[in-house]
$ cat coords12.pdb   # PDB, C-alpha atoms
ATOM      1  CA  MET A 171    -158.118  58.095 -50.174
ATOM      2  CA  LYS A 172    -156.380  56.970 -53.373
ATOM      3  CA  VAL A 173    -155.873  60.588 -54.400
ATOM      4  CA  MET A 174    -154.206  61.321 -51.053
ATOM      5  CA  ARG A 175    -151.803  58.379 -51.510
ATOM      6  CA  ILE A 176    -150.889  59.503 -55.018
ATOM      7  CA  LEU A 177    -150.299  63.074 -53.860
ATOM      8  CA  PHE A 178    -148.147  61.790 -50.998
ATOM      9  CA  LEU A 179    -146.089  59.420 -53.166
ATOM     10  CA  LEU A 180    -145.600  61.768 -56.127
ATOM     11  CA  PRO A 181    -142.802  63.849 -54.541
ATOM     12  CA  LEU A 182    -141.032  60.649 -53.500
ATOM     13  CA  VAL A 183    -140.934  59.419 -57.093
ATOM     14  CA  GLY A 184    -139.206  62.619 -58.185
ATOM     15  CA  THR A 185    -136.698  62.337 -55.351
ATOM     16  CA  LEU A 186    -135.885  58.729 -56.107
ATOM     17  CA  SER A 187    -135.433  59.316 -59.825
ATOM     18  CA  GLY A 188    -132.991  62.111 -59.041
ATOM     19  CA  CYS A 189    -131.011  59.765 -56.818
ATOM     20  CA  MET A 190    -130.872  57.181 -59.569
ATOM     21  CA  LEU A 191    -129.579  59.809 -61.983
ATOM     22  CA  ALA A 192    -126.856  60.802 -59.538
ATOM     23  CA  VAL A 193    -125.850  57.181 -58.932
ATOM     24  CA  GLY A 194    -125.790  56.433 -62.655
ATOM     25  CA  ALA A 195    -123.644  59.471 -63.409
ATOM     26  CA  ALA A 196    -121.275  58.738 -60.548
ATOM     27  CA  ALA A 197    -120.874  55.130 -61.632
ATOM     28  CA  GLY A 198    -120.308  55.964 -65.296
ATOM     29  CA  GLY A 199    -118.183  59.033 -64.770
ATOM     30  CA  THR A 200    -118.400  60.004 -68.436
ATOM     31  CA  THR A 201    -121.619  61.982 -68.499
ATOM     32  CA  ALA A 202    -122.592  65.234 -66.887
ATOM     33  CA  LEU A 203    -125.000  65.285 -63.989
ATOM     34  CA  TYR A 204    -127.953  67.596 -64.614
ATOM     35  CA  VAL A 205    -129.301  69.112 -61.398
ATOM     36  CA  ARG A 206    -131.693  72.032 -60.916
ATOM     37  CA  GLY A 207    -131.197  73.419 -64.396
ATOM     38  CA  ALA A 208    -127.414  73.090 -64.565
ATOM     39  CA  ALA A 209    -125.008  70.478 -65.896
ATOM     40  CA  GLU A 210    -122.200  69.477 -63.528
ATOM     41  CA  LYS A 211    -119.060  67.535 -64.334
ATOM     42  CA  SER A 212    -115.562  67.090 -62.916
ATOM     43  CA  TYR A 213    -112.333  66.981 -64.909
ATOM     44  CA  PRO A 214    -108.872  65.768 -63.829
ATOM     45  CA  TYR A 215    -107.224  69.082 -64.733
ATOM     46  CA  SER A 216    -106.391  72.418 -63.105
ATOM     47  CA  VAL A 217    -108.909  75.261 -63.009
ATOM     48  CA  GLU A 218    -106.783  77.250 -65.479
ATOM     49  CA  ARG A 219    -106.687  74.427 -68.043
ATOM     50  CA  VAL A 220    -110.425  73.745 -67.770
ATOM     51  CA  HIS A 221    -111.127  77.500 -67.978
ATOM     52  CA  ASP A 222    -109.234  77.742 -71.277
ATOM     53  CA  ALA A 223    -111.128  74.733 -72.653
ATOM     54  CA  VAL A 224    -114.464  76.244 -71.565
ATOM     55  CA  VAL A 225    -113.733  79.567 -73.296
ATOM     56  CA  ALA A 226    -112.651  77.858 -76.531
ATOM     57  CA  SER A 227    -115.633  75.475 -76.463
ATOM     58  CA  LEU A 228    -118.165  78.258 -75.956
ATOM     59  CA  GLU A 229    -116.621  80.222 -78.817
ATOM     60  CA  ASP A 230    -116.788  77.086 -81.018
ATOM     61  CA  ALA A 231    -120.517  76.900 -80.233
ATOM     62  CA  ASP A 232    -121.043  80.553 -81.290
ATOM     63  CA  VAL A 233    -121.476  81.752 -77.709
ATOM     64  CA  VAL A 234    -120.109  85.288 -77.341
ATOM     65  CA  VAL A 235    -117.912  85.248 -74.227
ATOM     66  CA  THR A 236    -118.693  88.395 -72.217
ATOM     67  CA  GLY A 237    -116.809  87.710 -68.994
ATOM     68  CA  ARG A 238    -113.899  85.611 -67.762
ATOM     69  CA  GLN A 239    -112.422  85.225 -64.318
ATOM     70  CA  VAL A 240    -109.917  82.592 -63.290
ATOM     71  CA  GLY A 241    -107.799  81.861 -60.253
ATOM     72  CA  ALA A 242    -106.077  78.830 -58.790
ATOM     73  CA  ALA A 243    -109.174  77.679 -56.900
ATOM     74  CA  ALA A 244    -112.146  79.012 -58.879
ATOM     75  CA  GLY A 245    -113.295  80.729 -62.019
ATOM     76  CA  ARG A 246    -116.297  81.860 -64.010
ATOM     77  CA  VAL A 247    -117.041  82.274 -67.706
ATOM     78  CA  THR A 248    -120.155  84.081 -68.899
ATOM     79  CA  GLY A 249    -121.509  84.547 -72.372
ATOM     80  CA  THR A 250    -124.506  85.031 -74.600
ATOM     81  CA  ALA A 251    -125.835  82.305 -76.883
ATOM     82  CA  PRO A 252    -127.009  83.170 -80.422
ATOM     83  CA  ASP A 253    -130.640  83.181 -79.230
ATOM     84  CA  GLY A 254    -129.805  85.693 -76.476
ATOM     85  CA  LYS A 255    -129.806  83.239 -73.569
ATOM     86  CA  ARG A 256    -127.161  83.782 -70.925
ATOM     87  CA  VAL A 257    -124.561  81.030 -70.477
ATOM     88  CA  THR A 258    -122.737  80.753 -67.150
ATOM     89  CA  VAL A 259    -119.982  78.297 -66.298
ATOM     90  CA  ASP A 260    -118.660  78.222 -62.736
ATOM     91  CA  LEU A 261    -115.397  76.377 -62.089
ATOM     92  CA  GLU A 262    -114.242  75.111 -58.712
ATOM     93  CA  ALA A 263    -111.128  73.214 -57.645
ATOM     94  CA  VAL A 264    -112.271  70.163 -55.699
ATOM     95  CA  GLY A 265    -108.896  68.478 -55.268
ATOM     96  CA  ASP A 266    -105.365  68.422 -56.627
ATOM     97  CA  ASP A 267    -105.820  69.026 -60.341
ATOM     98  CA  VAL A 268    -109.538  68.207 -60.217
ATOM     99  CA  THR A 269    -111.985  70.874 -61.355
ATOM    100  CA  ARG A 270    -115.778  70.735 -61.219
ATOM    101  CA  ILE A 271    -117.815  72.826 -63.641
ATOM    102  CA  ARG A 272    -121.419  73.904 -63.267
ATOM    103  CA  LEU A 273    -122.887  75.053 -66.583
ATOM    104  CA  ARG A 274    -126.279  76.755 -66.943
ATOM    105  CA  VAL A 275    -127.975  78.029 -70.089
ATOM    106  CA  GLY A 276    -130.746  80.569 -69.506
ATOM    107  CA  THR A 277    -132.480  81.376 -66.256
ATOM    108  CA  LEU A 278    -134.195  78.027 -65.753
ATOM    109  CA  GLY A 279    -131.692  75.887 -67.619
ATOM    110  CA  ASP A 280    -131.699  74.175 -71.005
ATOM    111  CA  ARG A 281    -130.699  70.548 -70.594
ATOM    112  CA  ARG A 282    -130.158  69.771 -74.280
ATOM    113  CA  ARG A 283    -127.941  72.781 -74.873
ATOM    114  CA  SER A 284    -126.086  72.314 -71.578
ATOM    115  CA  GLU A 285    -125.248  68.727 -72.488
ATOM    116  CA  TYR A 286    -124.137  69.869 -75.949
ATOM    117  CA  LEU A 287    -121.768  72.451 -74.437
ATOM    118  CA  VAL A 288    -120.374  69.929 -71.948
ATOM    119  CA  ALA A 289    -119.672  67.583 -74.877
ATOM    120  CA  LYS A 290    -117.793  70.431 -76.619
ATOM    121  CA  ILE A 291    -115.709  70.937 -73.457
ATOM    122  CA  ASP A 292    -115.038  67.184 -73.334
ATOM    123  CA  GLU A 293    -113.632  67.364 -76.874
ATOM    124  CA  ARG A 294    -111.132  70.023 -75.771
ATOM    125  CA  LEU A 295    -109.981  68.085 -72.747
TER
END
$ encode --input "coords12.pdb" --output "structure tokens"
Amino acid sequence: MKVMRILFLLPLVGTLSGCMLAVGAAAGGTTALYVRGAAEKSYPYSVERVHDAVVASLEDADVVVTGRQVGAAAGRVTGTAPDGKRVTVDLEAVGDDVTRIRLRVGTLGDRRRSEYLVAKIDERL
């Protein structure tokens, strides 16, 4: 019976910890939220300005930029990290001069490297 309770409660623990992470990030506003293998963060700037900062930041981190698309409402930057992992940054306008980025390194995500790249973008903005 104890095993059944543990198996039942285990998914709830994961769900609750994710909620706490989201609440903590929303309250602080200075750190990126890491969800399902990608770092997410919003900036009080236009998509074009954030796009330029993303490209420059990836290049600073020795990521070879292989694709760039930008418009008034959305954009995407893709590249290859020195170890061959793919880097993808999606940009989306979520309000007047507010842009949300979603940054993923590799197929499953690399939290440490994603947070590092978000910090590089922060430096540019």
$ closest_residue --input "coords12.pdb" --among "A:Ile291, A:Ala202, A:Ala244, A:Leu273" --to "Val259 (chain A)" --atoms "all atoms listed in the file"
A:Leu273
$ closest_residue --input "coords12.pdb" --among "A:Val205, A:Val233, A:Leu261, A:Val240" --to "Asp280 (chain A)" --atoms "only C-alpha atoms"
A:Val205
$ atom_distance --input "coords12.pdb" --atom1 "CA of Asp267 (chain A)" --atom2 "CA of Leu287 (chain A)"
21.6 Å
$ residues_around --input "coords12.pdb" --residues "Gly276 (chain A)" --least-positions-apart "5" --cutoff "9 Å" --atoms "only C-alpha atoms" --output "PyMOL selection string"
chain A and resi 207+254-258
$ resolve_selection --input "coords12.pdb" --expression "the PyMOL selection byres ((chain A and resi 211-219) around 9)" --output "CSV table (one decimal) with C-alpha atoms, in the frame of the given file"
chain,number,residue,atom,x,y,z
A,199,GLY,CA,-118.2,59.0,-64.8
A,200,THR,CA,-118.4,60.0,-68.4
A,201,THR,CA,-121.6,62.0,-68.5
A,202,ALA,CA,-122.6,65.2,-66.9
A,203,LEU,CA,-125.0,65.3,-64.0
A,204,TYR,CA,-128.0,67.6,-64.6
A,209,ALA,CA,-125.0,70.5,-65.9
A,210,GLU,CA,-122.2,69.5,-63.5
A,220,VAL,CA,-110.4,73.7,-67.8
A,221,HIS,CA,-111.1,77.5,-68.0
A,222,ASP,CA,-109.2,77.7,-71.3
A,223,ALA,CA,-111.1,74.7,-72.7
A,224,VAL,CA,-114.5,76.2,-71.6
A,240,VAL,CA,-109.9,82.6,-63.3
A,241,GLY,CA,-107.8,81.9,-60.3
A,242,ALA,CA,-106.1,78.8,-58.8
A,243,ALA,CA,-109.2,77.7,-56.9
A,244,ALA,CA,-112.1,79.0,-58.9
A,245,GLY,CA,-113.3,80.7,-62.0
A,261,LEU,CA,-115.4,76.4,-62.1
A,262,GLU,CA,-114.2,75.1,-58.7
A,263,ALA,CA,-111.1,73.2,-57.6
A,264,VAL,CA,-112.3,70.2,-55.7
A,265,GLY,CA,-108.9,68.5,-55.3
A,266,ASP,CA,-105.4,68.4,-56.6
A,267,ASP,CA,-105.8,69.0,-60.3
A,268,VAL,CA,-109.5,68.2,-60.2
A,269,THR,CA,-112.0,70.9,-61.4
A,270,ARG,CA,-115.8,70.7,-61.2
A,271,ILE,CA,-117.8,72.8,-63.6
A,272,ARG,CA,-121.4,73.9,-63.3
A,273,LEU,CA,-122.9,75.1,-66.6
A,288,VAL,CA,-120.4,69.9,-71.9
A,292,ASP,CA,-115.0,67.2,-73.3
A,295,LEU,CA,-110.0,68.1,-72.7
$ atom_distance --input "coords12.pdb" --atom1 "CA of Arg282 (chain A)" --atom2 "CA of Gln239 (chain A)"
25.5 Å
$ atom_distance --input "coords12.pdb" --atom1 "CA of Gly237 (chain A)" --atom2 "CA of Pro252 (chain A)"
16.0 Å
$ closest_residue --input "coords12.pdb" --among "A:Val247, A:Ala208, A:Leu278, A:Asp253" --to "Ala226 (chain A)" --atoms "only C-alpha atoms"
A:Val247
